[in-house]
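S.K.: Structure file structure34.pdb (PDB, C-alpha atoms) right here:
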ATOM      1  CA  MET A   6      11.431  15.440 -15.350  1.00  0.00           C
ATOM      2  CA  ASP A   7      12.580  17.498 -12.352  1.00  0.00           C
ATOM      3  CA  LEU A   8       9.752  16.895  -9.887  1.00  0.00           C
ATOM      4  CA  LYS A   9      11.616  18.533  -7.008  1.00  0.00           C
ATOM      5  CA  SER A  10      11.583  22.029  -8.507  1.00  0.00           C
ATOM      6  CA  ILE A  11       8.601  21.962 -10.855  1.00  0.00           C
ATOM      7  CA  VAL A  12       6.029  24.772 -10.587  1.00  0.00           C
ATOM      8  CA  TRP A  13       2.682  23.023 -10.576  1.00  0.00           C
ATOM      9  CA  ASN A  14      -0.127  24.384 -12.728  1.00  0.00           C
ATOM     10  CA  ASP A  15      -2.540  22.982 -15.294  1.00  0.00           C
ATOM     11  CA  GLU A  16       0.115  22.889 -18.005  1.00  0.00           C
ATOM     12  CA  SER A  17       2.879  21.335 -15.922  1.00  0.00           C
ATOM     13  CA  TYR A  18       0.467  18.746 -14.576  1.00  0.00           C
ATOM     14  CA  ARG A  19      -0.458  17.767 -18.154  1.00  0.00           C
ATOM     15  CA  GLU A  20       3.251  17.433 -18.867  1.00  0.00           C
ATOM     16  CA  PHE A  21       3.560  15.242 -15.796  1.00  0.00           C
ATOM     17  CA  ILE A  22       0.833  12.922 -17.091  1.00  0.00           C
ATOM     18  CA  GLU A  23       2.573  12.752 -20.456  1.00  0.00           C
ATOM     19  CA  TYR A  24       5.755  11.808 -18.627  1.00  0.00           C
ATOM     20  CA  LEU A  25       3.920   9.051 -16.738  1.00  0.00           C
ATOM     21  CA  ILE A  26       2.530   7.709 -20.000  1.00  0.00           C
ATOM     22  CA  SER A  27       6.067   7.635 -21.427  1.00  0.00           C
ATOM     23  CA  LEU A  28       6.981   5.176 -18.636  1.00  0.00           C
ATOM     24  CA  GLU A  29       4.300   2.714 -19.716  1.00  0.00           C
ATOM     25  CA  ASP A  30       5.105  -0.989 -19.499  1.00  0.00           C
ATOM     26  CA  ILE A  31       2.526  -2.694 -21.705  1.00  0.00           C
ATOM     27  CA  ASN A  32       2.967  -6.181 -20.264  1.00  0.00           C
ATOM     28  CA  TYR A  33       2.737  -4.928 -16.691  1.00  0.00           C
ATOM     29  CA  GLN A  34      -0.222  -2.754 -17.630  1.00  0.00           C
ATOM     30  CA  LYS A  35      -2.162  -5.776 -18.865  1.00  0.00           C
ATOM     31  CA  PHE A  36      -1.193  -7.882 -15.850  1.00  0.00           C
ATOM     32  CA  HIS A  37      -1.985  -5.230 -13.255  1.00  0.00           C
ATOM     33  CA  SER A  38      -5.233  -4.158 -14.931  1.00  0.00           C
ATOM     34  CA  ASN A  39      -6.484  -7.716 -14.653  1.00  0.00           C
ATOM     35  CA  LEU A  40      -5.545  -7.843 -10.977  1.00  0.00           C
ATOM     36  CA  LEU A  41      -7.231  -4.547 -10.174  1.00  0.00           C
ATOM     37  CA  GLY A  42     -10.455  -5.180 -12.036  1.00  0.00           C
ATOM     38  CA  ILE A  43     -11.314  -1.470 -12.244  1.00  0.00           C
ATOM     39  CA  GLU A  44     -12.562   0.718 -15.068  1.00  0.00           C
ATOM     40  CA  LYS A  45     -10.037   3.465 -14.350  1.00  0.00           C
ATOM     41  CA  ARG A  46      -7.182   3.650 -16.834  1.00  0.00           C
ATOM     42  CA  VAL A  47      -3.939   1.981 -15.817  1.00  0.00           C
ATOM     43  CA  ILE A  48      -0.704   3.182 -17.408  1.00  0.00           C
ATOM     44  CA  GLY A  49       1.453   0.304 -16.214  1.00  0.00           C
ATOM     45  CA  ILE A  50       4.188   1.655 -13.917  1.00  0.00           C
ATOM     46  CA  ARG A  51       5.648  -0.567 -11.222  1.00  0.00           C
ATOM     47  CA  THR A  52       5.336   0.426  -7.569  1.00  0.00           C
ATOM     48  CA  PRO A  53       9.069   1.129  -6.907  1.00  0.00           C
ATOM     49  CA  LYS A  54       9.028   3.744  -9.685  1.00  0.00           C
ATOM     50  CA  LEU A  55       5.828   5.294  -8.331  1.00  0.00           C
ATOM     51  CA  LYS A  56       7.504   5.584  -4.923  1.00  0.00           C
ATOM     52  CA  GLU A  57      10.536   7.220  -6.500  1.00  0.00           C
ATOM     53  CA  LEU A  58       8.340   9.788  -8.232  1.00  0.00           C
ATOM     54  CA  ALA A  59       6.331  10.474  -5.080  1.00  0.00           C
ATOM     55  CA  LYS A  60       9.482  10.941  -3.022  1.00  0.00           C
ATOM     56  CA  ASP A  61      10.777  13.534  -5.484  1.00  0.00           C
ATOM     57  CA  ILE A  62       7.428  15.364  -5.482  1.00  0.00           C
ATOM     58  CA  SER A  63       7.421  15.425  -1.671  1.00  0.00           C
ATOM     59  CA  LYS A  64      10.727  17.309  -1.736  1.00  0.00           C
ATOM     60  CA  GLY A  65       9.203  20.077  -3.823  1.00  0.00           C
ATOM     61  CA  ASP A  66       5.912  21.987  -3.781  1.00  0.00           C
ATOM     62  CA  TRP A  67       3.825  18.961  -2.870  1.00  0.00           C
ATOM     63  CA  LYS A  68       0.866  21.063  -1.707  1.00  0.00           C
ATOM     64  CA  GLU A  69       0.421  22.462  -5.206  1.00  0.00           C
ATOM     65  CA  PHE A  70       0.839  18.993  -6.669  1.00  0.00           C
ATOM     66  CA  ILE A  71      -2.048  17.746  -4.535  1.00  0.00           C
ATOM     67  CA  LYS A  72      -4.084  20.786  -5.526  1.00  0.00           C
ATOM     68  CA  TYR A  73      -3.703  20.048  -9.240  1.00  0.00           C
ATOM     69  CA  SER A  74      -3.672  16.257  -9.080  1.00  0.00           C
ATOM     70  CA  GLN A  75      -6.548  14.371 -10.639  1.00  0.00           C
ATOM     71  CA  ASN A  76      -7.832  10.828 -10.551  1.00  0.00           C
ATOM     72  CA  THR A  77      -8.052   9.793 -14.185  1.00  0.00           C
ATOM     73  CA  TYR A  78      -5.292   7.205 -14.022  1.00  0.00           C
ATOM     74  CA  TYR A  79      -4.714   4.591 -11.344  1.00  0.00           C
ATOM     75  CA  GLU A  80      -1.132   5.768 -10.946  1.00  0.00           C
ATOM     76  CA  GLU A  81      -2.218   9.323 -10.083  1.00  0.00           C
ATOM     77  CA  GLY A  82      -4.034   8.151  -6.988  1.00  0.00           C
ATOM     78  CA  VAL A  83      -1.166   5.938  -5.863  1.00  0.00           C
ATOM     79  CA  ILE A  84       1.398   8.717  -6.262  1.00  0.00           C
ATOM     80  CA  LYS A  85      -0.758  11.190  -4.337  1.00  0.00           C
ATOM     81  CA  GLY A  86      -1.164   8.732  -1.488  1.00  0.00           C
ATOM     82  CA  LEU A  87       2.532   7.876  -1.447  1.00  0.00           C
ATOM     83  CA  VAL A  88       3.415  11.564  -1.205  1.00  0.00           C
ATOM     84  CA  LEU A  89       1.480  11.728   2.065  1.00  0.00           C
ATOM     85  CA  GLY A  90       3.803   9.142   3.538  1.00  0.00           C
ATOM     86  CA  PHE A  91       6.936  11.104   2.624  1.00  0.00           C
ATOM     87  CA  ILE A  92       6.046  14.679   3.605  1.00  0.00           C
ATOM     88  CA  LYS A  93       7.189  16.137   6.913  1.00  0.00           C
ATOM     89  CA  VAL A  94       4.207  17.867   8.525  1.00  0.00           C
ATOM     90  CA  ASP A  95       2.453  17.855  11.882  1.00  0.00           C
ATOM     91  CA  TYR A  96      -0.268  15.434  12.900  1.00  0.00           C
ATOM     92  CA  GLU A  97      -3.344  17.539  12.151  1.00  0.00           C
ATOM     93  CA  VAL A  98      -2.145  18.558   8.684  1.00  0.00           C
ATOM     94  CA  ARG A  99      -1.209  15.041   7.634  1.00  0.00           C
ATOM     95  CA  LYS A 100      -4.367  13.511   9.102  1.00  0.00           C
ATOM     96  CA  GLY A 101      -6.470  15.971   7.134  1.00  0.00           C
ATOM     97  CA  TYR A 102      -4.741  15.093   3.882  1.00  0.00           C
ATOM     98  CA  ILE A 103      -4.986  11.369   4.587  1.00  0.00           C
ATOM     99  CA  ASP A 104      -8.685  11.600   5.393  1.00  0.00           C
ATOM    100  CA  SER A 105      -9.329  13.434   2.123  1.00  0.00           C
ATOM    101  CA  PHE A 106      -7.250  10.914   0.214  1.00  0.00           C
ATOM    102  CA  ILE A 107      -9.098   7.931   1.688  1.00  0.00           C
ATOM    103  CA  ALA A 108     -12.337   9.313   0.241  1.00  0.00           C
ATOM    104  CA  GLU A 109     -10.798   8.923  -3.240  1.00  0.00           C
ATOM    105  CA  ILE A 110      -9.680   5.289  -2.860  1.00  0.00           C
ATOM    106  CA  ASP A 111     -11.521   2.970  -5.228  1.00  0.00           C
ATOM    107  CA  ASN A 112      -9.387  -0.171  -5.345  1.00  0.00           C
ATOM    108  CA  TRP A 113      -7.456  -2.486  -3.024  1.00  0.00           C
ATOM    109  CA  ALA A 114      -4.018  -1.827  -4.522  1.00  0.00           C
ATOM    110  CA  THR A 115      -4.099   1.931  -4.003  1.00  0.00           C
ATOM    111  CA  CYS A 116      -5.201   1.342  -0.422  1.00  0.00           C
ATOM    112  CA  ASP A 117      -2.584  -1.276   0.415  1.00  0.00           C
ATOM    113  CA  ILE A 118       0.377   0.329  -1.373  1.00  0.00           C
ATOM    114  CA  VAL A 119      -0.241   3.672   0.302  1.00  0.00           C
ATOM    115  CA  VAL A 120      -0.672   2.103   3.744  1.00  0.00           C
ATOM    116  CA  GLY A 121       2.624   0.278   3.253  1.00  0.00           C
ATOM    117  CA  ASN A 122       4.360   3.633   2.822  1.00  0.00           C
ATOM    118  CA  LEU A 123       3.076   5.262   6.027  1.00  0.00           C
ATOM    119  CA  LYS A 124       6.410   4.679   7.755  1.00  0.00           C
ATOM    120  CA  PHE A 125       5.940   7.710  10.019  1.00  0.00           C
ATOM    121  CA  LEU A 126       3.476   5.541  11.976  1.00  0.00           C
ATOM    122  CA  LYS A 127       6.382   3.592  13.430  1.00  0.00           C
ATOM    123  CA  LYS A 128       7.123   6.655  15.566  1.00  0.00           C
ATOM    124  CA  GLU A 129       3.599   8.035  15.878  1.00  0.00           C
ATOM    125  CA  LYS A 130       1.465   4.960  16.533  1.00  0.00           C
ATOM    126  CA  GLU A 131      -0.319   6.252  19.593  1.00  0.00           C
ATOM    127  CA  ARG A 132      -1.086   9.619  18.059  1.00  0.00           C
ATOM    128  CA  TYR A 133      -2.865   8.099  15.048  1.00  0.00           C
ATOM    129  CA  TYR A 134      -4.464   5.147  16.819  1.00  0.00           C
ATOM    130  CA  GLU A 135      -7.857   6.756  17.461  1.00  0.00           C
ATOM    131  CA  PHE A 136      -8.049   7.897  13.840  1.00  0.00           C
ATOM    132  CA  ILE A 137      -7.249   4.409  12.580  1.00  0.00           C
ATOM    133  CA  LYS A 138      -9.880   2.898  14.876  1.00  0.00           C
ATOM    134  CA  GLU A 139     -12.426   5.391  13.537  1.00  0.00           C
ATOM    135  CA  CYS A 140     -11.618   4.213  10.022  1.00  0.00           C
ATOM    136  CA  THR A 141     -12.715   0.665  10.872  1.00  0.00           C
ATOM    137  CA  SER A 142     -16.171   1.878  11.900  1.00  0.00           C
ATOM    138  CA  SER A 143     -16.762   3.924   8.727  1.00  0.00           C
ATOM    139  CA  ASP A 144     -19.594   3.409   6.248  1.00  0.00           C
ATOM    140  CA  ASN A 145     -17.036   3.589   3.436  1.00  0.00           C
ATOM    141  CA  PRO A 146     -15.674   0.078   2.711  1.00  0.00           C
ATOM    142  CA  TRP A 147     -12.365   1.441   1.449  1.00  0.00           C
ATOM    143  CA  LYS A 148     -11.903   3.459   4.632  1.00  0.00           C
ATOM    144  CA  ILE A 149     -12.592   0.324   6.664  1.00  0.00           C
ATOM    145  CA  ARG A 150     -10.002  -1.593   4.646  1.00  0.00           C
ATOM    146  CA  PHE A 151      -7.544   1.274   5.098  1.00  0.00           C
ATOM    147  CA  GLY A 152      -7.993   0.981   8.860  1.00  0.00           C
ATOM    148  CA  LEU A 153      -7.697  -2.810   8.952  1.00  0.00           C
ATOM    149  CA  VAL A 154      -4.608  -2.918   6.734  1.00  0.00           C
ATOM    150  CA  THR A 155      -2.986  -0.164   8.799  1.00  0.00           C
ATOM    151  CA  LEU A 156      -3.636  -2.152  11.978  1.00  0.00           C
ATOM    152  CA  LEU A 157      -2.002  -5.281  10.564  1.00  0.00           C
ATOM    153  CA  GLY A 158       0.925  -3.285   9.217  1.00  0.00           C
ATOM    154  CA  TYR A 159       1.792  -1.171  12.255  1.00  0.00           C
ATOM    155  CA  TYR A 160      -0.197  -2.046  15.385  1.00  0.00           C
ATOM    156  CA  LEU A 161       0.143  -5.765  16.073  1.00  0.00           C
ATOM    157  CA  GLU A 162       1.818  -5.338  19.453  1.00  0.00           C
ATOM    158  CA  ASP A 163       0.946  -6.430  22.986  1.00  0.00           C
ATOM    159  CA  ARG A 164      -0.545  -3.083  23.972  1.00  0.00           C
ATOM    160  CA  TYR A 165      -3.009  -3.051  21.045  1.00  0.00           C
ATOM    161  CA  ILE A 166      -3.722  -6.677  20.241  1.00  0.00           C
ATOM    162  CA  ASP A 167      -6.712  -7.319  22.536  1.00  0.00           C
ATOM    163  CA  GLU A 168      -8.558  -4.296  21.220  1.00  0.00           C
ATOM    164  CA  ILE A 169      -7.690  -5.187  17.626  1.00  0.00           C
ATOM    165  CA  PHE A 170      -9.496  -8.517  18.044  1.00  0.00           C
ATOM    166  CA  LEU A 171     -12.570  -6.546  19.157  1.00  0.00           C
ATOM    167  CA  LEU A 172     -12.217  -4.083  16.283  1.00  0.00           C
ATOM    168  CA  CYS A 173     -11.983  -6.934  13.789  1.00  0.00           C
ATOM    169  CA  SER A 174     -15.206  -8.471  15.112  1.00  0.00           C
ATOM    170  CA  SER A 175     -16.991  -5.118  15.186  1.00  0.00           C
ATOM    171  CA  VAL A 176     -16.716  -4.711  11.412  1.00  0.00           C
ATOM    172  CA  THR A 177     -20.104  -5.633   9.973  1.00  0.00           C
ATOM    173  CA  ASN A 178     -19.576  -4.403   6.408  1.00  0.00           C
ATOM    174  CA  ARG A 179     -19.807  -7.390   4.061  1.00  0.00           C
ATOM    175  CA  GLU A 180     -18.043  -5.928   1.027  1.00  0.00           C
ATOM    176  CA  TYR A 181     -15.585  -8.412  -0.458  1.00  0.00           C
ATOM    177  CA  TYR A 182     -12.437  -6.324   0.031  1.00  0.00           C
ATOM    178  CA  VAL A 183     -13.385  -5.537   3.610  1.00  0.00           C
ATOM    179  CA  LYS A 184     -13.809  -9.209   4.465  1.00  0.00           C
ATOM    180  CA  MET A 185     -10.557 -10.032   2.706  1.00  0.00           C
ATOM    181  CA  ALA A 186      -8.801  -7.441   4.863  1.00  0.00           C
ATOM    182  CA  GLN A 187     -10.328  -8.962   7.996  1.00  0.00           C
ATOM    183  CA  ALA A 188      -9.109 -12.410   6.976  1.00  0.00           C
ATOM    184  CA  TRP A 189      -5.652 -11.054   6.170  1.00  0.00           C
ATOM    185  CA  LEU A 190      -5.502  -9.288   9.535  1.00  0.00           C
ATOM    186  CA  ILE A 191      -6.454 -12.475  11.403  1.00  0.00           C
ATOM    187  CA  SER A 192      -3.831 -14.490   9.547  1.00  0.00           C
ATOM    188  CA  ILE A 193      -1.084 -12.056  10.559  1.00  0.00           C
ATOM    189  CA  MET A 194      -2.391 -11.989  14.134  1.00  0.00           C
ATOM    190  CA  PHE A 195      -2.073 -15.784  14.163  1.00  0.00           C
ATOM    191  CA  ILE A 196       1.572 -15.533  13.131  1.00  0.00           C
ATOM    192  CA  LYS A 197       2.363 -12.946  15.817  1.00  0.00           C
ATOM    193  CA  PHE A 198      -0.096 -13.969  18.553  1.00  0.00           C
ATOM    194  CA  ARG A 199      -0.828 -17.623  17.892  1.00  0.00           C
ATOM    195  CA  ASP A 200      -2.510 -18.608  21.162  1.00  0.00           C
ATOM    196  CA  LYS A 201      -4.668 -15.511  21.428  1.00  0.00           C
ATOM    197  CA  THR A 202      -5.760 -15.901  17.820  1.00  0.00           C
ATOM    198  CA  LEU A 203      -6.706 -19.535  18.400  1.00  0.00           C
ATOM    199  CA  GLU A 204      -8.940 -18.415  21.272  1.00  0.00           C
ATOM    200  CA  TYR A 205     -10.425 -15.786  18.993  1.00  0.00           C
ATOM    201  CA  LEU A 206     -11.164 -18.313  16.262  1.00  0.00           C
ATOM    202  CA  LYS A 207     -12.985 -20.465  18.814  1.00  0.00           C
ATOM    203  CA  ASN A 208     -15.445 -17.730  19.684  1.00  0.00           C
ATOM    204  CA  ASN A 209     -16.135 -14.647  17.591  1.00  0.00           C
ATOM    205  CA  ASP A 210     -18.852 -12.847  15.656  1.00  0.00           C
ATOM    206  CA  LEU A 211     -17.308 -13.299  12.217  1.00  0.00           C
ATOM    207  CA  ASP A 212     -19.414 -14.690   9.403  1.00  0.00           C
ATOM    208  CA  SER A 213     -18.421 -18.148   8.177  1.00  0.00           C
ATOM    209  CA  TRP A 214     -16.895 -16.863   4.918  1.00  0.00           C
ATOM    210  CA  THR A 215     -14.483 -14.533   6.723  1.00  0.00           C
ATOM    211  CA  GLN A 216     -13.574 -17.153   9.334  1.00  0.00           C
ATOM    212  CA  ASN A 217     -12.833 -19.723   6.648  1.00  0.00           C
ATOM    213  CA  LYS A 218     -10.913 -17.247   4.490  1.00  0.00           C
ATOM    214  CA  ALA A 219      -8.750 -16.374   7.506  1.00  0.00           C
ATOM    215  CA  ILE A 220      -8.028 -20.076   7.998  1.00  0.00           C
ATOM    216  CA  GLN A 221      -7.141 -20.392   4.313  1.00  0.00           C
ATOM    217  CA  LYS A 222      -4.701 -17.483   4.572  1.00  0.00           C
ATOM    218  CA  ILE A 223      -3.117 -18.950   7.685  1.00  0.00           C
ATOM    219  CA  ARG A 224      -2.627 -22.249   5.856  1.00  0.00           C
ATOM    220  CA  GLU A 225      -1.100 -20.454   2.862  1.00  0.00           C
ATOM    221  CA  SER A 226       1.522 -18.720   4.987  1.00  0.00           C
ATOM    222  CA  THR A 227       5.116 -19.921   4.855  1.00  0.00           C
ATOM    223  CA  ARG A 228       5.506 -18.739   8.466  1.00  0.00           C
ATOM    224  CA  VAL A 229       3.074 -21.331   9.864  1.00  0.00           C
ATOM    225  CA  SER A 230       4.128 -24.890  10.717  1.00  0.00           C
ATOM    226  CA  LYS A 231       2.544 -27.883   8.996  1.00  0.00           C
ATOM    227  CA  GLU A 232       1.179 -28.999  12.363  1.00  0.00           C
ATOM    228  CA  ASP A 233      -0.618 -25.677  12.862  1.00  0.00           C
ATOM    229  CA  LYS A 234      -1.865 -25.691   9.278  1.00  0.00           C
ATOM    230  CA  ASP A 235      -3.508 -29.043   9.944  1.00  0.00           C
ATOM    231  CA  PHE A 236      -4.769 -28.082  13.397  1.00  0.00           C
ATOM    232  CA  ILE A 237      -6.337 -24.796  12.243  1.00  0.00           C
ATOM    233  CA  LEU A 238      -8.745 -26.741  10.038  1.00  0.00           C
ATOM    234  CA  THR A 239     -10.641 -27.755  13.172  1.00  0.00           C
ATOM    235  CA  PHE A 240     -11.906 -24.166  13.378  1.00  0.00           C
ATOM    236  CA  LYS A 241     -13.400 -24.197   9.889  1.00  0.00           C
ATOM    237  CA  ARG A 242     -17.137 -23.591   9.757  1.00  0.00           C
TER     238      ARG A 242
END
Is it possible to express this structure as structure tokens?
M.R.:
Amino acid sequence: MDLKSIVWNDESYREFIEYLISLEDINYQKFHSNLLGIEKRVIGIRTPKLKELAKDISKGDWKEFIKYSQNTYYEEGVIKGLVLGFIKVDYEVRKGYIDSFIAEIDNWATCDIVVGNLKFLKKEKERYYEFIKECTSSDNPWKIRFGLVTLLGYYLEDRYIDEIFLLCSSVTNREYYVKMAQAWLISIMFIKFRDKTLEYLKNNDLDSWTQNKAIQKIRESTRVSKEDKDFILTFKR
């Protein structure tokens, strides 16, 4: 299917869905459905293929694609989000699309896969920083996770790290996937800023579950020494 030159309308979008269904991998569909734990239908297409499709769409009339796109299948949401990482537009336009997309997120995989494709942030960190911080203070748990995962993916640098510790502590939402993102963020901060993270683990406002989950993730990392894995247990609550 030529996604670079397609004219998007109701009919062509239905054809696109039929094409996606033709790519179904039954074994992967079963495996990924179990991981996601969502009611939404999962076709079973691996992430590299979804990225390939999104990249092709971004080279064509991607605005019309977004206009006609729906949210019936898990893969539809992922492709839409991936497109936003590939398009070449100015800050305000992209931010608007991303904000609208975040409101549609309903599972951890869509959130994390899309965040992983926001490569433009490597050159535009400062410009998007306030927006990402705002995400972490949202009432929407998926928007909070989006913010936290974006911080761990693109902002763990000297100039941001002290404020990121504060942002992590300021999250009071107790939804499971929010707390998991906090723990994940702390574990990556430990790898990149070991001493500062140790100080943070000594004194913070995290609940015990999140603190202990962060310690578990640190201990599971292959980038942490055995000595540190043993030592970090002293911070368990």
S.K.: Set the distance at 9 Å and use all atoms listed in the file: which residues neighbour Lys222 (chain A) once local chain neighbours fewer than 5 positions away are removed? I'd like the list as a list in words.
M.R.: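 Residues meeting the cut-off are Ala188, Trp189, Ile191, Ser192, Ile193 and Asn217 of chain A.
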S.K.: In Å, how far is it from CA of Asn178 (chain A) to CA of His37 (chain A)?
M.R.: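 One can read the CA of Asn178 (chain A) to CA of His37 (chain A) distance as 26.4 Å.
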S.K.: Step by step, work through what the PyMOL selection byres ((chain A and resi 225) around 12) selects in the shown file, and finish by giving those residues as a list in words.
M.R.: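 What the PyMOL selection byres ((chain A and resi 225) around 12) grabs from the file is Trp189, Ser192, Ile193, Ile196, Lys218, Ala219, Ile220, Gln221, Lys222, Ile223, Arg224, Ser226, Thr227, Arg228, Val229, Ser230, Lys231, Asp233, Lys234, Asp235 and Ile237 of chain A.
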S.K.: Could you tell me how far CA of Gly86 (chain A) sits from CA of Leu126 (chain A), in Å to one decimal place?
M.R.: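 Going from CA of Leu126 (chain A) over to CA of Gly86 (chain A) covers 14.6 Å.
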S.K.: Using the chain letters and numbers from the file, give me the residues hit by the PyMOL selection byres ((chain A and resi 112) around 8), as an MDAnalysis selection string.
M.R.: chainID A and resid 41 43 110:111 113:116 147
S.K.: Determine the residue set returned by the PyMOL selection byres ((chain A and resi 50) around 12) for the present structure, and present it as a PyMOL selection string.
M.R.: chain A and resi 24-38+46-49+51-58+78-81+83-84
S.K.: Please dump the current selection as a tab-separated table (two decimals), in the coordinates of the input; keep C-alpha atoms.
M.R.:
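Dumped everything to part_15.tsv:
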chain	number	residue	atom	x	y	z
A	24	TYR	CA	5.76	11.81	-18.63
A	25	LEU	CA	3.92	9.05	-16.74
A	26	ILE	CA	2.53	7.71	-20.00
A	27	SER	CA	6.07	7.64	-21.43
A	28	LEU	CA	6.98	5.18	-18.64
A	29	GLU	CA	4.30	2.71	-19.72
A	30	ASP	CA	5.11	-0.99	-19.50
A	31	ILE	CA	2.53	-2.69	-21.70
A	32	ASN	CA	2.97	-6.18	-20.26
A	33	TYR	CA	2.74	-4.93	-16.69
A	34	GLN	CA	-0.22	-2.75	-17.63
A	35	LYS	CA	-2.16	-5.78	-18.86
A	36	PHE	CA	-1.19	-7.88	-15.85
A	37	HIS	CA	-1.98	-5.23	-13.26
A	38	SER	CA	-5.23	-4.16	-14.93
A	46	ARG	CA	-7.18	3.65	-16.83
A	47	VAL	CA	-3.94	1.98	-15.82
A	48	ILE	CA	-0.70	3.18	-17.41
A	49	GLY	CA	1.45	0.30	-16.21
A	51	ARG	CA	5.65	-0.57	-11.22
A	52	THR	CA	5.34	0.43	-7.57
A	53	PRO	CA	9.07	1.13	-6.91
A	54	LYS	CA	9.03	3.74	-9.68
A	55	LEU	CA	5.83	5.29	-8.33
A	56	LYS	CA	7.50	5.58	-4.92
A	57	GLU	CA	10.54	7.22	-6.50
A	58	LEU	CA	8.34	9.79	-8.23
A	78	TYR	CA	-5.29	7.20	-14.02
A	79	TYR	CA	-4.71	4.59	-11.34
A	80	GLU	CA	-1.13	5.77	-10.95
A	81	GLU	CA	-2.22	9.32	-10.08
A	83	VAL	CA	-1.17	5.94	-5.86
A	84	ILE	CA	1.40	8.72	-6.26
S.K.: Need the shell around region 155-169 of chain A: protein/DNA/RNA residues with any atom at most 10 Å away, counting only C-alpha atoms. Skip same-chain ones fewer than 3 positions apart. Format as a CSV table (one decimal) with C-alpha atoms, keeping the file's coordinate frame?
M.R.:
chain,number,residue,atom,x,y,z
A,116,CYS,CA,-5.2,1.3,-0.4
A,117,ASP,CA,-2.6,-1.3,0.4
A,119,VAL,CA,-0.2,3.7,0.3
A,120,VAL,CA,-0.7,2.1,3.7
A,121,GLY,CA,2.6,0.3,3.3
A,123,LEU,CA,3.1,5.3,6.0
A,124,LYS,CA,6.4,4.7,7.8
A,126,LEU,CA,3.5,5.5,12.0
A,127,LYS,CA,6.4,3.6,13.4
A,130,LYS,CA,1.5,5.0,16.5
A,131,GLU,CA,-0.3,6.3,19.6
A,134,TYR,CA,-4.5,5.1,16.8
A,137,ILE,CA,-7.2,4.4,12.6
A,138,LYS,CA,-9.9,2.9,14.9
A,140,CYS,CA,-11.6,4.2,10.0
A,141,THR,CA,-12.7,0.7,10.9
A,149,ILE,CA,-12.6,0.3,6.7
A,150,ARG,CA,-10.0,-1.6,4.6
A,151,PHE,CA,-7.5,1.3,5.1
A,152,GLY,CA,-8.0,1.0,8.9
A,172,LEU,CA,-12.2,-4.1,16.3
A,173,CYS,CA,-12.0,-6.9,13.8
A,174,SER,CA,-15.2,-8.5,15.1
A,175,SER,CA,-17.0,-5.1,15.2
A,186,ALA,CA,-8.8,-7.4,4.9
A,187,GLN,CA,-10.3,-9.0,8.0
A,189,TRP,CA,-5.7,-11.1,6.2
A,190,LEU,CA,-5.5,-9.3,9.5
A,191,ILE,CA,-6.5,-12.5,11.4
A,192,SER,CA,-3.8,-14.5,9.5
A,193,ILE,CA,-1.1,-12.1,10.6
A,194,MET,CA,-2.4,-12.0,14.1
A,197,LYS,CA,2.4,-12.9,15.8
A,198,PHE,CA,-0.1,-14.0,18.6
A,201,LYS,CA,-4.7,-15.5,21.4
A,202,THR,CA,-5.8,-15.9,17.8
A,205,TYR,CA,-10.4,-15.8,19.0
S.K.: Which value, in Å to one decimal, gives the distance between CA of Val176 (chain A) and CA of Phe240 (chain A)?
M.R.: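 Pair CA of Val176 (chain A) / CA of Phe240 (chain A) returns 20.1 Å.
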S.K.: Which one of A:Lys241, A:Lys45, A:Lys60, A:Lys207 sits closest to Asp7 (chain A) if you count only C-alpha atoms?
M.R.: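 Of the candidates, the smallest distance to Asp7 (chain A) is held by A:Lys60.
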S.K.: I need the residue nearest Val88 (chain A) from this list: A:Ala59, A:Val154, A:Ile103, A:Ile22. Use only C-alpha atoms for the distance.
M.R.: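 Of A:Ala59, A:Val154, A:Ile103, A:Ile22, the one nearest Val88 (chain A) is A:Ala59, counting only C-alpha atoms.
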